[in-house]
Amino acid sequence: MAWRAAFDFAVLLGLDQLVMEGDSQQLVRCIQGEITCPTEVEVVVEDVRRSRNLVRECEVVFVRRSANGVADALAKDGLRDPGVRTWEARPPDWLLSPLGKDNRLISCI
């Protein structure tokens, strides 16, 4: 469901290129259409698949949990303090260390 919310937010921001990373290989493969989805997530997966058409380019990739420090830090923060938060120019200080360890995002800092 986080991916579905991320697509909605990306469309709201007017983004047209996305890279969606997930640490569940089975879920990534379901979204990519490589395997059949378990019934309990089928509706959400179909929503995510349809949402991919809302942007010009969308890549869905599997990332090992050990290499997914940014997502882990964001999830932990969300559990500590539920609600919607955004930033435009610079990420919060607590996220800088995980961002620095994620090679795909180093150029964004």
# chains A, B, ... in the order shown; residues from 1 in each chain; ligands from 1
$ residues_around --residues "stretch 24-31 of chain A" --least-positions-apart "4" --cutoff "7 Å" --atoms "only C-alpha atoms" --output "MDAnalysis selection string"
chainID A and resid 35:37 45 49 60:62
$ select_by_dssp --residues "stretch 12-102 of chain A" --states "strand (DSSP E)" --output "MDAnalysis selection string"
chainID A and resid 17:22 57:62
$ atom_distance --atom1 "atom CA of A:Asp77" --atom2 "atom CA of A:Pro98"
12.7 Å
$ closest_residue --among "A:Thr86, A:Lys76, A:Arg52, A:Gln32" --to "A:Leu13" --atoms "only C-alpha atoms"
A:Thr86
$ select_by_dssp --residues "chain A" --states "helix (DSSP H, G or I)" --output "CSV table (one decimal) with all heavy atoms, in the first residue's frame"
chain,number,residue,atom,x,y,z
A,2,ALA,N,2.1,1.1,0.5
A,2,ALA,CA,3.0,2.3,0.5
A,2,ALA,C,3.3,2.7,-0.9
A,2,ALA,O,3.4,3.9,-1.2
A,2,ALA,CB,4.3,2.0,1.3
A,3,TRP,N,3.5,1.7,-1.8
A,3,TRP,CA,3.8,2.0,-3.2
A,3,TRP,C,2.6,2.8,-3.9
A,3,TRP,O,2.8,3.7,-4.6
A,3,TRP,CB,4.1,0.8,-4.0
A,3,TRP,CG,5.5,0.3,-3.7
A,3,TRP,CD1,6.3,0.7,-2.7
A,3,TRP,CD2,6.2,-0.7,-4.4
A,3,TRP,NE1,7.5,0.0,-2.8
A,3,TRP,CE2,7.4,-0.9,-3.8
A,3,TRP,CE3,5.9,-1.5,-5.5
A,3,TRP,CZ2,8.4,-1.8,-4.3
A,3,TRP,CZ3,6.8,-2.4,-6.0
A,3,TRP,CH2,8.1,-2.5,-5.4
A,4,ARG,N,1.4,2.3,-3.5
A,4,ARG,CA,0.2,3.0,-4.1
A,4,ARG,C,0.2,4.5,-3.6
A,4,ARG,O,0.0,5.4,-4.4
A,4,ARG,CB,-1.0,2.3,-3.7
A,4,ARG,CG,-2.3,2.8,-4.4
A,4,ARG,CD,-3.4,1.9,-4.3
A,4,ARG,NE,-3.8,1.7,-2.9
A,4,ARG,CZ,-4.8,1.0,-2.4
A,4,ARG,NH1,-5.6,0.4,-3.3
A,4,ARG,NH2,-5.1,0.9,-1.1
A,5,ALA,N,0.5,4.7,-2.4
A,5,ALA,CA,0.5,6.1,-1.8
A,5,ALA,C,1.6,6.9,-2.5
A,5,ALA,O,1.5,8.1,-2.8
A,5,ALA,CB,0.6,6.0,-0.3
A,6,ALA,N,2.8,6.2,-2.7
A,6,ALA,CA,3.9,6.9,-3.3
A,6,ALA,C,3.5,7.3,-4.8
A,6,ALA,O,3.9,8.4,-5.2
A,6,ALA,CB,5.1,6.0,-3.3
A,7,PHE,N,2.8,6.5,-5.5
A,7,PHE,CA,2.4,6.9,-6.9
A,7,PHE,C,1.5,8.1,-6.8
A,7,PHE,O,1.6,9.0,-7.6
A,7,PHE,CB,1.7,5.7,-7.6
A,7,PHE,CG,2.6,4.8,-8.3
A,7,PHE,CD1,2.8,3.5,-7.8
A,7,PHE,CD2,3.4,5.2,-9.4
A,7,PHE,CE1,3.7,2.7,-8.5
A,7,PHE,CE2,4.2,4.4,-10.1
A,7,PHE,CZ,4.4,3.1,-9.6
A,8,ASP,N,0.5,8.1,-5.9
A,8,ASP,CA,-0.4,9.2,-5.8
A,8,ASP,C,0.4,10.5,-5.5
A,8,ASP,O,0.1,11.5,-6.0
A,8,ASP,CB,-1.4,8.9,-4.6
A,8,ASP,CG,-2.4,7.8,-5.0
A,8,ASP,OD1,-2.5,7.5,-6.2
A,8,ASP,OD2,-3.1,7.3,-4.1
A,9,PHE,N,1.3,10.4,-4.6
A,9,PHE,CA,2.1,11.6,-4.2
A,9,PHE,C,3.0,12.0,-5.4
A,9,PHE,O,3.1,13.2,-5.6
A,9,PHE,CB,3.0,11.2,-3.0
A,9,PHE,CG,3.7,12.4,-2.4
A,9,PHE,CD1,2.9,13.5,-1.9
A,9,PHE,CD2,5.0,12.5,-2.2
A,9,PHE,CE1,3.5,14.6,-1.3
A,9,PHE,CE2,5.6,13.6,-1.7
A,9,PHE,CZ,4.9,14.7,-1.2
A,10,ALA,N,3.6,11.1,-6.1
A,10,ALA,CA,4.4,11.5,-7.3
A,10,ALA,C,3.6,12.2,-8.3
A,10,ALA,O,4.0,13.2,-8.9
A,10,ALA,CB,5.0,10.2,-7.9
A,11,VAL,N,2.4,11.7,-8.6
A,11,VAL,CA,1.5,12.4,-9.5
A,11,VAL,C,1.1,13.8,-9.0
A,11,VAL,O,1.1,14.7,-9.8
A,11,VAL,CB,0.2,11.5,-9.8
A,11,VAL,CG1,-0.8,12.3,-10.6
A,11,VAL,CG2,0.6,10.2,-10.5
A,12,LEU,N,0.8,13.9,-7.7
A,12,LEU,CA,0.5,15.2,-7.2
A,12,LEU,C,1.6,16.2,-7.3
A,12,LEU,O,1.4,17.3,-7.6
A,12,LEU,CB,0.2,15.0,-5.7
A,12,LEU,CG,-0.2,16.3,-4.9
A,12,LEU,CD1,-1.5,16.8,-5.3
A,12,LEU,CD2,-0.2,16.0,-3.4
A,13,LEU,N,2.9,15.7,-7.2
A,13,LEU,CA,4.1,16.5,-7.4
A,13,LEU,C,4.4,16.8,-8.9
A,13,LEU,O,5.3,17.6,-9.2
A,13,LEU,CB,5.3,15.9,-6.7
A,13,LEU,CG,5.2,15.8,-5.2
A,13,LEU,CD1,6.5,15.1,-4.7
A,13,LEU,CD2,5.2,17.2,-4.6
A,25,GLN,N,11.1,-9.5,-2.8
A,25,GLN,CA,11.3,-9.9,-4.2
A,25,GLN,C,10.0,-10.5,-4.8
A,25,GLN,O,9.7,-10.2,-5.9
A,25,GLN,CB,12.4,-11.0,-4.2
A,25,GLN,CG,12.9,-11.3,-5.6
A,25,GLN,CD,14.1,-12.2,-5.6
A,25,GLN,OE1,14.4,-12.9,-4.7
A,25,GLN,NE2,14.9,-12.0,-6.7
A,26,GLN,N,9.2,-11.1,-4.0
A,26,GLN,CA,8.0,-11.7,-4.4
A,26,GLN,C,7.0,-10.5,-4.9
A,26,GLN,O,6.4,-10.6,-5.9
A,26,GLN,CB,7.3,-12.5,-3.4
A,26,GLN,CG,6.0,-13.2,-3.9
A,26,GLN,CD,5.3,-14.0,-2.8
A,26,GLN,OE1,5.7,-14.0,-1.7
A,26,GLN,NE2,4.3,-14.8,-3.2
A,27,LEU,N,6.9,-9.5,-4.1
A,27,LEU,CA,6.0,-8.4,-4.4
A,27,LEU,C,6.5,-7.7,-5.7
A,27,LEU,O,5.7,-7.3,-6.5
A,27,LEU,CB,5.9,-7.4,-3.2
A,27,LEU,CG,4.9,-6.3,-3.4
A,27,LEU,CD1,3.5,-6.8,-3.7
A,27,LEU,CD2,4.9,-5.4,-2.2
A,28,VAL,N,7.8,-7.4,-5.8
A,28,VAL,CA,8.4,-6.8,-7.0
A,28,VAL,C,8.1,-7.6,-8.2
A,28,VAL,O,7.6,-7.1,-9.2
A,28,VAL,CB,9.9,-6.6,-6.8
A,28,VAL,CG1,10.5,-6.2,-8.2
A,28,VAL,CG2,10.2,-5.5,-5.8
A,29,ARG,N,8.2,-8.9,-8.1
A,29,ARG,CA,8.0,-9.8,-9.3
A,29,ARG,C,6.5,-9.8,-9.6
A,29,ARG,O,6.1,-9.9,-10.8
A,29,ARG,CB,8.5,-11.2,-9.0
A,29,ARG,CG,10.0,-11.2,-8.9
A,29,ARG,CD,10.6,-12.6,-8.7
A,29,ARG,NE,10.4,-13.4,-9.9
A,29,ARG,CZ,10.2,-14.7,-9.9
A,29,ARG,NH1,10.4,-15.4,-8.8
A,29,ARG,NH2,10.0,-15.3,-11.1
A,30,CYS,N,5.6,-9.7,-8.6
A,30,CYS,CA,4.2,-9.6,-8.8
A,30,CYS,C,3.8,-8.4,-9.6
A,30,CYS,O,3.1,-8.4,-10.6
A,30,CYS,CB,3.4,-9.6,-7.5
A,30,CYS,SG,3.2,-11.2,-6.7
A,31,ILE,N,4.4,-7.2,-9.1
A,31,ILE,CA,4.1,-6.0,-9.8
A,31,ILE,C,4.6,-6.0,-11.2
A,31,ILE,O,4.0,-5.4,-12.2
A,31,ILE,CB,4.7,-4.8,-9.0
A,31,ILE,CG1,3.9,-4.6,-7.7
A,31,ILE,CG2,4.7,-3.5,-9.8
A,31,ILE,CD1,4.5,-3.7,-6.7
A,39,THR,N,-3.6,-13.9,-3.4
A,39,THR,CA,-5.0,-13.3,-3.4
A,39,THR,C,-5.1,-12.1,-2.4
A,39,THR,O,-5.7,-11.1,-2.8
A,39,THR,CB,-6.0,-14.3,-3.0
A,39,THR,OG1,-5.9,-15.5,-3.8
A,39,THR,CG2,-7.4,-13.8,-3.1
A,40,GLU,N,-4.4,-12.2,-1.3
A,40,GLU,CA,-4.5,-11.1,-0.3
A,40,GLU,C,-3.9,-9.8,-0.7
A,40,GLU,O,-4.3,-8.7,-0.1
A,40,GLU,CB,-4.0,-11.5,1.1
A,40,GLU,CG,-2.5,-11.9,1.1
A,40,GLU,CD,-2.2,-13.3,0.8
A,40,GLU,OE1,-3.1,-14.1,0.4
A,40,GLU,OE2,-1.0,-13.7,1.0
A,41,VAL,N,-3.1,-9.7,-1.7
A,41,VAL,CA,-2.5,-8.5,-2.2
A,41,VAL,C,-2.8,-8.2,-3.6
A,41,VAL,O,-2.4,-7.1,-4.1
A,41,VAL,CB,-0.9,-8.4,-2.0
A,41,VAL,CG1,-0.6,-8.5,-0.5
A,41,VAL,CG2,-0.3,-9.5,-2.8
A,42,GLU,N,-3.6,-9.0,-4.2
A,42,GLU,CA,-3.9,-8.9,-5.7
A,42,GLU,C,-4.5,-7.5,-6.0
A,42,GLU,O,-4.1,-6.9,-7.0
A,42,GLU,CB,-4.8,-10.0,-6.1
A,42,GLU,CG,-5.0,-10.1,-7.6
A,42,GLU,CD,-5.8,-11.3,-8.0
A,42,GLU,OE1,-6.6,-11.8,-7.1
A,42,GLU,OE2,-5.6,-11.8,-9.1
A,43,VAL,N,-5.5,-7.0,-5.3
A,43,VAL,CA,-6.1,-5.8,-5.6
A,43,VAL,C,-5.2,-4.6,-5.5
A,43,VAL,O,-5.1,-3.7,-6.4
A,43,VAL,CB,-7.3,-5.5,-4.6
A,43,VAL,CG1,-7.9,-4.1,-4.8
A,43,VAL,CG2,-8.4,-6.6,-4.9
A,44,VAL,N,-4.3,-4.6,-4.5
A,44,VAL,CA,-3.4,-3.5,-4.3
A,44,VAL,C,-2.3,-3.6,-5.4
A,44,VAL,O,-1.9,-2.5,-6.0
A,44,VAL,CB,-2.7,-3.6,-2.9
A,44,VAL,CG1,-1.6,-2.5,-2.8
A,44,VAL,CG2,-3.7,-3.4,-1.8
A,45,VAL,N,-1.8,-4.8,-5.7
A,45,VAL,CA,-0.9,-4.9,-6.8
A,45,VAL,C,-1.4,-4.4,-8.1
A,45,VAL,O,-0.8,-3.7,-8.9
A,45,VAL,CB,-0.4,-6.4,-6.9
A,45,VAL,CG1,0.4,-6.6,-8.2
A,45,VAL,CG2,0.5,-6.7,-5.7
A,46,GLU,N,-2.7,-4.7,-8.4
A,46,GLU,CA,-3.3,-4.2,-9.7
A,46,GLU,C,-3.4,-2.7,-9.7
A,46,GLU,O,-3.2,-2.1,-10.7
A,46,GLU,CB,-4.7,-4.9,-9.8
A,46,GLU,CG,-4.6,-6.3,-10.3
A,46,GLU,CD,-3.9,-6.5,-11.6
A,46,GLU,OE1,-4.1,-5.6,-12.6
A,46,GLU,OE2,-3.1,-7.4,-11.7
A,47,ASP,N,-3.7,-2.1,-8.5
A,47,ASP,CA,-3.7,-0.7,-8.4
A,47,ASP,C,-2.3,-0.1,-8.7
A,47,ASP,O,-2.2,0.9,-9.4
A,47,ASP,CB,-4.1,-0.2,-7.0
A,47,ASP,CG,-5.6,-0.3,-6.8
A,47,ASP,OD1,-6.4,-0.5,-7.8
A,47,ASP,OD2,-6.1,-0.1,-5.6
A,48,VAL,N,-1.3,-0.7,-8.2
A,48,VAL,CA,0.1,-0.2,-8.4
A,48,VAL,C,0.4,-0.4,-9.9
A,48,VAL,O,1.0,0.5,-10.5
A,48,VAL,CB,1.1,-1.0,-7.5
A,48,VAL,CG1,2.5,-0.7,-8.0
A,48,VAL,CG2,0.9,-0.6,-6.1
A,49,ARG,N,0.0,-1.5,-10.5
A,49,ARG,CA,0.3,-1.7,-11.9
A,49,ARG,C,-0.4,-0.6,-12.8
A,49,ARG,O,0.2,-0.1,-13.7
A,49,ARG,CB,-0.2,-3.1,-12.4
A,49,ARG,CG,0.7,-4.2,-12.0
A,49,ARG,CD,0.1,-5.5,-12.4
A,49,ARG,NE,0.9,-6.6,-12.0
A,49,ARG,CZ,0.4,-7.9,-11.9
A,49,ARG,NH1,-0.8,-8.1,-12.3
A,49,ARG,NH2,1.2,-8.9,-11.6
A,50,ARG,N,-1.6,-0.3,-12.5
A,50,ARG,CA,-2.4,0.7,-13.2
A,50,ARG,C,-1.7,2.1,-13.0
A,50,ARG,O,-1.6,2.9,-13.9
A,50,ARG,CB,-3.8,0.8,-12.8
A,50,ARG,CG,-4.7,-0.3,-13.5
A,50,ARG,CD,-6.1,-0.1,-13.3
A,50,ARG,NE,-6.6,-0.2,-11.9
A,50,ARG,CZ,-6.8,-1.4,-11.4
A,50,ARG,NH1,-6.8,-2.5,-12.1
A,50,ARG,NH2,-7.2,-1.5,-10.1
A,51,SER,N,-1.3,2.3,-11.7
A,51,SER,CA,-0.7,3.6,-11.4
A,51,SER,C,0.6,3.9,-12.2
A,51,SER,O,1.0,5.0,-12.4
A,51,SER,CB,-0.4,3.7,-9.9
A,51,SER,OG,-1.6,3.6,-9.2
A,52,ARG,N,1.3,2.8,-12.6
A,52,ARG,CA,2.5,3.0,-13.4
A,52,ARG,C,2.3,3.7,-14.7
A,52,ARG,O,3.1,4.4,-15.2
A,52,ARG,CB,3.2,1.6,-13.7
A,52,ARG,CG,3.7,0.9,-12.5
A,52,ARG,CD,4.2,-0.4,-12.8
A,52,ARG,NE,5.4,-0.4,-13.5
A,52,ARG,CZ,6.1,-1.5,-13.9
A,52,ARG,NH1,5.6,-2.7,-13.7
A,52,ARG,NH2,7.2,-1.4,-14.6
A,53,ASN,N,1.0,3.6,-15.2
A,53,ASN,CA,0.7,4.3,-16.4
A,53,ASN,C,0.5,5.8,-16.2
A,53,ASN,O,0.3,6.6,-17.2
A,53,ASN,CB,-0.6,3.7,-17.0
A,53,ASN,CG,-0.4,2.3,-17.4
A,53,ASN,OD1,0.7,1.9,-17.8
A,53,ASN,ND2,-1.5,1.5,-17.2
A,54,LEU,N,0.4,6.3,-15.0
A,54,LEU,CA,0.3,7.7,-14.7
A,54,LEU,C,1.5,8.5,-14.8
A,54,LEU,O,1.5,9.7,-14.8
A,54,LEU,CB,-0.3,7.9,-13.3
A,54,LEU,CG,-1.7,7.3,-13.0
A,54,LEU,CD1,-2.0,7.4,-11.5
A,54,LEU,CD2,-2.7,7.9,-13.9
A,65,ARG,N,17.2,-6.1,1.6
A,65,ARG,CA,16.9,-5.3,2.8
A,65,ARG,C,18.1,-4.7,3.4
A,65,ARG,O,18.1,-3.6,3.9
A,65,ARG,CB,16.2,-6.2,3.8
A,65,ARG,CG,15.6,-5.5,5.0
A,65,ARG,CD,14.6,-6.3,5.7
A,65,ARG,NE,13.5,-6.5,4.9
A,65,ARG,CZ,12.6,-7.5,5.0
A,65,ARG,NH1,12.7,-8.3,6.0
A,65,ARG,NH2,11.6,-7.6,4.2
A,66,SER,N,19.3,-5.4,3.3
A,66,SER,CA,20.5,-4.9,3.9
A,66,SER,C,21.0,-3.6,3.1
A,66,SER,O,21.8,-2.9,3.7
A,66,SER,CB,21.6,-6.0,3.9
A,66,SER,OG,21.8,-6.4,2.5
A,67,ALA,N,20.6,-3.4,1.9
A,67,ALA,CA,21.0,-2.3,1.1
A,67,ALA,C,19.9,-1.2,1.0
A,67,ALA,O,19.9,-0.3,0.2
A,67,ALA,CB,21.4,-2.7,-0.3
A,69,GLY,N,18.7,1.0,3.4
A,69,GLY,CA,18.7,1.7,4.7
A,69,GLY,C,17.8,2.9,4.7
A,69,GLY,O,17.3,3.3,5.7
A,70,VAL,N,17.6,3.6,3.6
A,70,VAL,CA,16.8,4.7,3.5
A,70,VAL,C,15.3,4.4,3.8
A,70,VAL,O,14.6,5.0,4.6
A,70,VAL,CB,16.9,5.5,2.1
A,70,VAL,CG1,15.9,6.6,2.0
A,70,VAL,CG2,18.3,6.0,1.9
A,71,ALA,N,14.8,3.3,3.1
A,71,ALA,CA,13.5,2.9,3.3
A,71,ALA,C,13.3,2.4,4.8
A,71,ALA,O,12.2,2.7,5.4
A,71,ALA,CB,13.1,1.7,2.4
A,72,ASP,N,14.3,1.7,5.3
A,72,ASP,CA,14.2,1.3,6.7
A,72,ASP,C,14.1,2.5,7.7
A,72,ASP,O,13.3,2.5,8.6
A,72,ASP,CB,15.4,0.4,7.1
A,72,ASP,CG,15.3,-0.2,8.5
A,72,ASP,OD1,14.3,-0.9,8.7
A,72,ASP,OD2,16.2,0.1,9.3
A,73,ALA,N,14.9,3.5,7.5
A,73,ALA,CA,14.9,4.7,8.3
A,73,ALA,C,13.6,5.4,8.2
A,73,ALA,O,13.0,5.9,9.2
A,73,ALA,CB,16.0,5.6,7.9
A,74,LEU,N,13.0,5.5,7.0
A,74,LEU,CA,11.7,6.2,6.8
A,74,LEU,C,10.6,5.4,7.5
A,74,LEU,O,9.7,6.0,8.1
A,74,LEU,CB,11.4,6.4,5.3
A,74,LEU,CG,12.3,7.4,4.5
A,74,LEU,CD1,12.1,7.2,3.0
A,74,LEU,CD2,12.0,8.8,5.0
A,75,ALA,N,10.6,4.1,7.3
A,75,ALA,CA,9.6,3.3,8.0
A,75,ALA,C,9.6,3.4,9.5
A,75,ALA,O,8.6,3.5,10.1
A,75,ALA,CB,9.8,1.8,7.5
A,76,LYS,N,10.8,3.4,10.0
A,76,LYS,CA,11.0,3.5,11.5
A,76,LYS,C,10.5,4.9,12.0
A,76,LYS,O,9.8,5.0,13.0
A,76,LYS,CB,12.4,3.3,11.9
A,76,LYS,CG,12.8,1.8,11.9
A,76,LYS,CD,14.3,1.6,12.3
A,76,LYS,CE,14.6,0.1,12.2
A,76,LYS,NZ,16.1,-0.1,12.4
A,77,ASP,N,10.8,5.9,11.2
A,77,ASP,CA,10.3,7.2,11.6
A,77,ASP,C,8.8,7.3,11.5
A,77,ASP,O,8.1,7.9,12.3
A,77,ASP,CB,10.9,8.3,10.7
A,77,ASP,CG,10.5,9.7,11.1
A,77,ASP,OD1,10.9,10.1,12.2
A,77,ASP,OD2,9.8,10.3,10.3
A,78,GLY,N,8.2,6.7,10.5
A,78,GLY,CA,6.8,6.6,10.3
A,78,GLY,C,6.1,5.9,11.5
A,78,GLY,O,5.0,6.3,11.9
A,79,LEU,N,6.7,4.9,12.0
A,79,LEU,CA,6.1,4.2,13.1
A,79,LEU,C,6.2,5.0,14.4
A,79,LEU,O,5.3,5.0,15.2
A,79,LEU,CB,6.8,2.8,13.3
A,79,LEU,CG,6.5,1.8,12.3
A,79,LEU,CD1,7.4,0.5,12.5
A,79,LEU,CD2,5.1,1.4,12.3
A,80,ARG,N,7.3,5.7,14.5
A,80,ARG,CA,7.5,6.6,15.7
A,80,ARG,C,6.5,7.8,15.7
A,80,ARG,O,6.0,8.2,16.8
A,80,ARG,CB,8.9,7.2,15.7
A,80,ARG,CG,9.9,6.4,16.6
A,80,ARG,CD,11.2,7.2,16.8
A,80,ARG,NE,11.7,7.9,15.7
A,80,ARG,CZ,12.5,7.4,14.8
A,80,ARG,NH1,12.9,6.1,14.9
A,80,ARG,NH2,12.9,8.1,13.7
A,93,ASP,N,18.1,15.7,9.0
A,93,ASP,CA,19.4,15.3,9.4
A,93,ASP,C,19.5,13.8,9.7
A,93,ASP,O,20.5,13.1,9.4
A,93,ASP,CB,19.9,16.1,10.7
A,93,ASP,CG,20.2,17.5,10.3
A,93,ASP,OD1,20.4,17.8,9.1
A,93,ASP,OD2,20.3,18.3,11.2
A,94,TRP,N,18.4,13.2,10.3
A,94,TRP,CA,18.5,11.8,10.7
A,94,TRP,C,18.5,10.9,9.4
A,94,TRP,O,18.8,9.7,9.5
A,94,TRP,CB,17.3,11.4,11.6
A,94,TRP,CG,15.9,11.8,11.0
A,94,TRP,CD1,15.2,12.9,11.3
A,94,TRP,CD2,15.1,11.0,10.1
A,94,TRP,NE1,14.0,12.9,10.6
A,94,TRP,CE2,13.9,11.7,9.9
A,94,TRP,CE3,15.3,9.8,9.5
A,94,TRP,CZ2,12.9,11.2,9.0
A,94,TRP,CZ3,14.3,9.3,8.7
A,94,TRP,CH2,13.2,10.0,8.4
A,95,LEU,N,18.2,11.5,8.3
A,95,LEU,CA,18.1,10.7,7.0
A,95,LEU,C,19.4,10.8,6.2
A,95,LEU,O,19.7,10.0,5.3
A,95,LEU,CB,16.9,11.1,6.2
A,95,LEU,CG,16.5,10.2,5.0
A,95,LEU,CD1,16.3,8.7,5.5
A,95,LEU,CD2,15.3,10.7,4.4
A,96,LEU,N,20.3,11.7,6.6
A,96,LEU,CA,21.5,11.9,5.8
A,96,LEU,C,22.5,10.7,5.8
A,96,LEU,O,23.0,10.4,4.8
A,96,LEU,CB,22.2,13.2,6.3
A,96,LEU,CG,21.5,14.5,6.0
A,96,LEU,CD1,22.3,15.7,6.6
A,96,LEU,CD2,21.2,14.7,4.5
A,97,SER,N,22.6,10.1,6.9
A,97,SER,CA,23.5,9.0,7.0
A,97,SER,C,23.0,7.8,6.1
A,97,SER,O,23.8,7.3,5.3
A,97,SER,CB,23.7,8.5,8.4
A,97,SER,OG,24.5,7.3,8.5
A,98,PRO,N,21.8,7.4,6.2
A,98,PRO,CA,21.3,6.3,5.3
A,98,PRO,C,21.4,6.7,3.8
A,98,PRO,O,21.7,5.9,3.0
A,98,PRO,CB,19.9,6.1,5.7
A,98,PRO,CG,19.8,6.6,7.1
A,98,PRO,CD,20.8,7.7,7.2
A,99,LEU,N,21.1,8.0,3.5
A,99,LEU,CA,21.2,8.5,2.2
A,99,LEU,C,22.6,8.4,1.6
A,99,LEU,O,22.9,8.0,0.5
A,99,LEU,CB,20.7,9.9,2.0
A,99,LEU,CG,19.2,10.1,2.0
A,99,LEU,CD1,18.9,11.6,2.1
A,99,LEU,CD2,18.6,9.6,0.7
A,100,GLY,N,23.6,8.7,2.5
A,100,GLY,CA,25.0,8.6,2.1
A,100,GLY,C,25.5,7.2,1.8
A,100,GLY,O,26.4,7.0,1.0
A,101,LYS,N,24.8,6.2,2.4
A,101,LYS,CA,25.2,4.8,2.2
A,101,LYS,C,24.5,4.2,1.0
A,101,LYS,O,24.8,3.2,0.5
A,101,LYS,CB,24.8,4.0,3.4
A,101,LYS,CG,25.7,4.4,4.6
A,101,LYS,CD,25.2,3.6,5.9
A,101,LYS,CE,26.0,4.1,7.1
A,101,LYS,NZ,25.5,3.6,8.3
A,106,ILE,N,23.3,9.2,-3.7
A,106,ILE,CA,24.4,10.1,-3.2
A,106,ILE,C,24.3,11.4,-4.0
A,106,ILE,O,24.5,12.5,-3.4
A,106,ILE,CB,25.7,9.4,-3.3
A,106,ILE,CG1,25.8,8.4,-2.2
A,106,ILE,CG2,26.9,10.4,-3.2
A,106,ILE,CD1,27.1,7.5,-2.3
A,107,SER,N,24.1,11.4,-5.3
A,107,SER,CA,24.1,12.6,-6.1
A,107,SER,C,23.0,13.6,-5.7
A,107,SER,O,23.0,14.7,-6.1
A,107,SER,CB,24.1,12.3,-7.5
A,107,SER,OG,22.9,11.6,-7.9
A,108,CYS,N,22.0,13.1,-5.0
A,108,CYS,CA,20.8,13.9,-4.7
A,108,CYS,C,21.1,14.8,-3.4
A,108,CYS,O,20.3,15.7,-3.2
A,108,CYS,CB,19.6,13.1,-4.4
A,108,CYS,SG,19.1,12.2,-5.8
